[in-house]
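The structure appears right after this line, and notes come after that.
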Amino acid sequence: MTAVEQAPVADTTDVAETIDPASGQLDKLPRRHSVLRMSEVRAAELMDSDPIDGENDQTMLMNMGPSHPSTHGVLRLMLELDGETVVRSKPVVGYLHTGMEKTAETLTFLQGPTNVTRMDYAAPLFNELVFSLATEELIGMEVPPRATWIRMLMCELNRISSHLLFMATNGMDLGAVSMMIYGWREREQVLRFFQKVTGLRMNHNYIRPGGVAADLPDGWRDDVLALMEMLPPRLEEYDILMTGQPIWRDRLQGVGVISQDEAIALSATGPILRSTGVAWDLRREMPYLAYPDVDFDIVVGSYGDSFDRYAIRLNEIRESMRIVHQCLDMMPEGDYRAGDAKVTPPPRARIDESMEALIHHFKIFTEGFKVPEGEVYVAVESPRGELGCYMVSDGGSHPYRMHIRGPSFVNLQTMPHMMADSLIADAVAVISSVDPILGEVDR
Amino acid sequence: MGEPYLRDGVDFGDVLLAVGKAVIAFAVLLVAVMLMVWFERKVVSRLQNRIGPNVAGPFGLFQTLADGIKLFFKEDIIPDRADRFVFQLAPYLALVPAFLTFTVVPIAGDFSDGQNGAVTIFGRETFLQVADAPVGILFFLAMSSLAVYGIMLAGWSSGSKYPLLGSIRASAQAISYEAALGLSLAAVLLVTGTLSTNEMVQVQAGEGFGGIVPRWNLIVTGFVPFVVFLIAGTAELNRPPFDLVEAEQELVGGFHTEYSSIRFALFFLAEFMNTVTLSAIIVTLFLGGPAGPNFGFLPGWLWGFVWFFAKLLVFLFTFVWFRATLPRLRYDQLMDLGWKVLIPVSLGWLLVLSAVRLVRNGQIDITGDSFLDAALVVLVSIGVLVLGAVLLSLAIRSARRERLALAGERDPLSSGSLVAAAEGGRD
Amino acid sequence: MVDLLVFLVSAAIILGGAIGVVLNNHPVRAALSLVASFFGVAVLFVAQGAHFLAFVQVVVYAGAIVVLILFVIMLLGVDRTEDIRFEPLAGQRSAAAVIAGMVLALVLGGLFLSGPGGSDGAVALTGTKSRTAPISQLNESDADVQLLAEDLFTRNVLAFEATALLLTIATVGAVVMVRNRGAEEVVVDEPGTARG
Amino acid sequence: MEVTETWYLVLSALLFSIGFFGLLVRRNPLVMFMCIELMLNAVNITFVAFSTALDDIAGRTAVFFVLVVAAAEVVVGLSLVVAIMRRRPALTADDLTALKG
Amino acid sequence: MADDTETADTETAETEAADTEAADQETAEEAAPEVETAYGCPVTYSRGQKVIHPSRGEWLDVAVQLLADGWNMCVDVTSVDYLSYGVARELPAGVNAERFEVVASFISHSRAERIRVRIQVPGDDPTVGSLYALYPGSDYLEREVFDLMGISFEGHPDMSRILMPETWQGHPLRKDYEVGVIPVQFKAPAGKGSE
Amino acid sequence: MTLITNVQDQGLEGLDHNVITAPIEQLVNWARARSSWPATFGLACCAIEMMATGGSHYDLARLGMEVFRASPRQADVMIVAGRVSQKMAPVLRQIYDQMMEPKWVISMGVCASSGGMFNNYAIVQGVDQIVPVDVYAPGCPPGPETLLHAITTLHTKIETGELLQRRQETGAGANLTVEQLDGQGVSQVVQIGKKA
């Protein structure tokens, strides 16, 4: 992995120059007509009368989803087509709306991660992390270093598994069926490690306010090392199968192009923003956990097309592996959760010997702990971009209001701009390269 | 020339023989399709580190049977908006050409030592193919151009949008690749000098180069027509990476989205039958069909079958391999490949081949300095080729520039370099 | 006997297909009838020993021309049925029928009045026998192809080149005509146009 | 009963008349195309019939040319239709008055 | 939503952008906490994060200044319903607590900083100016707030429901909306007959 | 001819049962159990696990089920993988309706089965309110092993014909009524009744 270091790391200072301070950012969307603004009722009327005569002349409306193989779950796209060319489009979301923000208000802070972990189900640990960080910020508590490093280790592994999932679905969407299976194959190995640590393959509820749910199991180091040995040759395989593949390149290069200005104006974060050349990664720019202590590069693209986004994710796997290696080296000994008795349940051993500990344990899990009133916004860099949590507490044991800023949700806005004037096949590639997780979009 | 048993009039026995051969061919084809589906699923599974079907019968061999029975007994529906007559007709239109093409393929017979592959059944001499039409290869072309009707009409008659897009794609694809297919076929016709499949096999069964390398058209025509034919054939089959017609990720199921039950099974059958048939045609055209050395201990005609089957398997595997490996092309890329690469290449190659042929047959006066004349002819034809290639590339480039100017967009690939970030991890 | 059967069946298909083309109010079905008609013609060609032409007929007509027509129908979405009971010009139908009938009468009259049936009749209709390249001389089954090629590339080579030119020009012309100049502007979405 | 070329000629005449009638009656430009193809096919039948009767290959050569010309005609005609119908999909031949003086 | 609103907003953005005082922020940081202002609005710090509190009227002007001052991305727009908030709210002097609060977060890529804006919105007139013309990325976020909280953004091009079905009644995230189980609302969208 | 009308009305299920039809039914059940193609209906977290089940570690293909059909017309089993929102419910039902008989539903995960932890305004509390469910797979999300178990359970049920009986009791799904086997599990005369 000598070449990873060569990944270009852009300087953030030149970002400022690209932004014209004089005007609103709406002007930066040259293709803003590409957003189809049409109510579903109206669309349903038009869809019955195909092809649309009169006002829209040659175009027809087509519905993609919500149950369509390439819409990553339940995304629905209303496409206005001219032949096979997408003229305008409108992503319709909400088919997986779960009311998690409302549910969060009925759950204690300790139960909270159980709820949020089901948002971005491809990267559940990040949801737990951002929720826990927000809670800890409200309480103002310190987390022991081992917990921090465990969180970092697990999150980076989760980033790897999430990007592997992207590799799989991206391959599938473009017709490379074997890539799909290969992606799952590698992801499965990561999940097995997760299962060993957290007891679950997904939706772990592992990172909790105050630390993590359990210490790393015996032999975890060997498991991680095995993973790290397994991955590089597999990534090389992907390079052979896809990166260097002429058809693959033709399908992705120059497809779904978005400019830097557009991406910023549309509040895109994560690989989409980075694909346009903006080296913006919260791990570097607004560090949390122990990211200042580890060495890694931000992978940026230069064309803002789907291939860049693919390549960024592929190389971010490699960067994450670097971080994981450093986590292995620097993992401190110590407690895996905060000693704060108000927040942390007593150790299992003490419950058996002490009645007080039992009562304490009972109270924490039934009533929860109180969190000082106030509001806070905390964000982490999830595999899809800025995952933020805005939390308001009224001093009780439940969040008064919990809002998650899902990167997929916001990134969806770039989709109509990317797929305007391209073919349906490109639209599929664009959806895939945005990599939306609908659970997080709809929450 | 032509079927031996037809030479001296037709009696009842001849008819019986013909019918019998047709029935056997159909049965062989059906079994082949059944095994092909199983083979494909198994091979793809192995390529993907999986096991593949293994519950239905030993090694999952009856998987296709189970699928077929299930589909046969599934509820059938004709959508409200469908054109009922055409909707019902389409699956058969897809299936019939697939089978008919197989009738001109010689599947067995002893072609060693200059034999013509004929066997004697019930006192009648006959070839081991349903019919040796005098223009058998043209028959294949005609059938492959008809095969698109099933797909086209299926998509159109379903009365909904995804299938319609599928059928538009199908028709454009069929027209584009038919030309390349025909042109690469012309190269084969040029060197063999016959339109009959049986004679084609006989020609290829001849003494090989140096006695070792077979006289296959694959070598005689210089590989290029073979490659073009394979690519164009894959496109005609609508198999990956050219399966835009049914592209699941884009068009749900493409033309067969609205089909269920037995009608869907017919499409399924037609698709795999076409695969088998096309592989058989490739084997016949380029790899000498059933021709091959006769090692004894088996009846001579059976050796033909063994060779034929072995060659067939290579191509069936190739098609499965394509499916497991390659991403799907985009619609416009498919058209570009067909019109801007395959057709010019096959046309140019045909030109070179005919130049060489012309010289070798002595139709140009090469009594004097034969080598110089030969070189002249070849040089001229290559010159024409180069000129054509330059003109074509110029035209393509200018068209591209114009299109970009119209679109008023930057060309993300204009710098020619690839994304730095992508390359970052390797070198 | 077999010949007769083949002729009658294919003639029925040809004429049935032709009538289908004229009377079907749906363009796609008309196209399908057309294919049937072409098929019948191909069968008749085979019956007369013109194998090559028969298959070229199928490849070109059924495989390319009708596919192209269907492609255009589907592309433009003009597959709505046309109400053929409506007659835009009064008396057009009957006038057309009369004219067509007259054409038929003219041809048939010419045919039957000019002489007796059989090959002599044909000679009478067309003039003398030229006998440039007798087909029946060769007993090969692909004589058709060889003779055709010889005829095409010797005596008719100029015409052959001319048709090649014609095809090229037609293709170029078609491309130029259909090319979308991108003139149409898309409706720009501005606030207020929403909620349609 | 022997099938002589007269049979073919009658068939051809019928086919031609039907195509001719359709051309005059139908208003959908695409169907009109099909009718023209029918007429061309009628001619083809005649050519082949004469070629067989006269034992002369020239008739078949002519069919070959007819095929090529038909292809060219369809290409040009369809592109015209596409160019026009793109703007007005509900077009009939009656509406094609752009060249009217 | 009317065309005029948005074009007017854009114009304001352009004219006012010029005379933005970059010094504002510096003075704000130096000044004593109780009178600290930025962009003409009171500033508070919540867990070390900077929050400004413009009124509804000032809000869009402030947004224009924010954009001009390099806060180039609007990362989040959300809202809180303080209907049943048990304790007194920490708000700077001069800001009246209302039922709703719209919270927008901005980021400056060049400075790697965040700023948060909280706007009080009365319960009887839940409308507020839209950021869309300035920050098109607020599009979905504002629709989400409209959908779940019922706060309408003036000047947004498509103020419609985004997560809930179009025919849905009520705004679920309001505190007076029940959490609990409801019977399946099972009907086809208006305009299509049920099948 | 009640036989013919029965078959016309109800397809194979309309056959009376006798010595000849019983083996056919066994064969059909065998085929259905080994070739139950799932519809792609991934919703949430469970969808990821469902796809993981198709991966090389678990390999749904062994059961002949890697053929995920995007078109509901060709699918046999709908695996409802994930929480069903109020907005999704009509779509789900529509897709179920588009599937052809015989069809089965696996409710994968607690969210689909009962609403799971999301007992709120947005989530349908159990997909069985919308479509008849044959097998429930517990878990949040159920691991691939659980899903495989659910699938094999369904296959067993298909093969023994147990499902038809259940439908008779509940009147749900296909509205088929069955007088089913006696307690011994030996196939007796089974009458598959009429559509309600």
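Identifiers in this document derive from the order of the structure tokens: chains are assigned A, B, ..., residues are numbered from 1 separately in each chain, and ligands are numbered from 1 in order of occurrence.
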Inset, instruction - Name all residues at most 7 Å from stretch 128-145 of chain E (count only C-alpha atoms; drop same-chain ones fewer than 4 positions away) and give them as a list in words. - result: Gly24, Gln25, Leu26, Ala265, Leu266, Ser267 and Val410 of chain A; Glu6, Thr10, Arg56, Leu60, Cys74, Asp76, Val77, Thr78, Ser79, Met149, Gly150, Ile151, Ser152, Phe153, Glu154, Gly155, His156, Met159, Ser160, Arg161, Ile162 and Leu163 of chain E
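Proximity to chain B at a cut-off of 7 Å picks out His51, Phe52, Phe55, Val58, Val59, Ala62, Gly63, Ala64, Val67, Phe71, Met74, Leu75, Ser141, Asp142 and Gly182 of chain C on chain C, counting only C-alpha atoms.
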Legend entry - 8 Å contact set for D:Leu14, only C-alpha atoms, chain neighbours under 3 positions out, as a ChimeraX atom specification: /C:15,104 /D:10-11,17-18
Given the selection you just returned, output its residues as a file containing N, CA and C atoms, formatted as a CSV table (one decimal), in the first residue's frame.
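Once everything was written out, this is result_25.csv:
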```
chain,number,residue,atom,x,y,z
C,15,LEU,N,-52.1,-11.9,-50.2
C,15,LEU,CA,-53.2,-11.0,-50.3
C,15,LEU,C,-53.9,-10.6,-49.0
C,104,LEU,N,-56.2,-2.4,-62.1
C,104,LEU,CA,-56.2,-3.9,-62.1
C,104,LEU,C,-56.7,-4.4,-63.5
D,10,VAL,N,-51.2,-12.6,-62.1
D,10,VAL,CA,-52.5,-12.2,-61.6
D,10,VAL,C,-52.3,-11.8,-60.1
D,11,LEU,N,-51.6,-12.6,-59.4
D,11,LEU,CA,-51.4,-12.3,-58.0
D,11,LEU,C,-50.7,-11.0,-57.9
D,17,SER,N,-52.8,-3.6,-57.0
D,17,SER,CA,-54.0,-2.8,-56.9
D,17,SER,C,-54.3,-2.5,-55.4
D,18,ILE,N,-54.2,-3.6,-54.6
D,18,ILE,CA,-54.5,-3.4,-53.2
D,18,ILE,C,-53.6,-2.3,-52.6
```
Inset, instruction - Write out as a PyMOL selection string which residues come within 10 Å of D:Thr46 when counting only C-alpha atoms, dropping same-chain ones fewer than 6 positions away. - result: chain D and resi 5-6+8-13+40+52+59-60+63
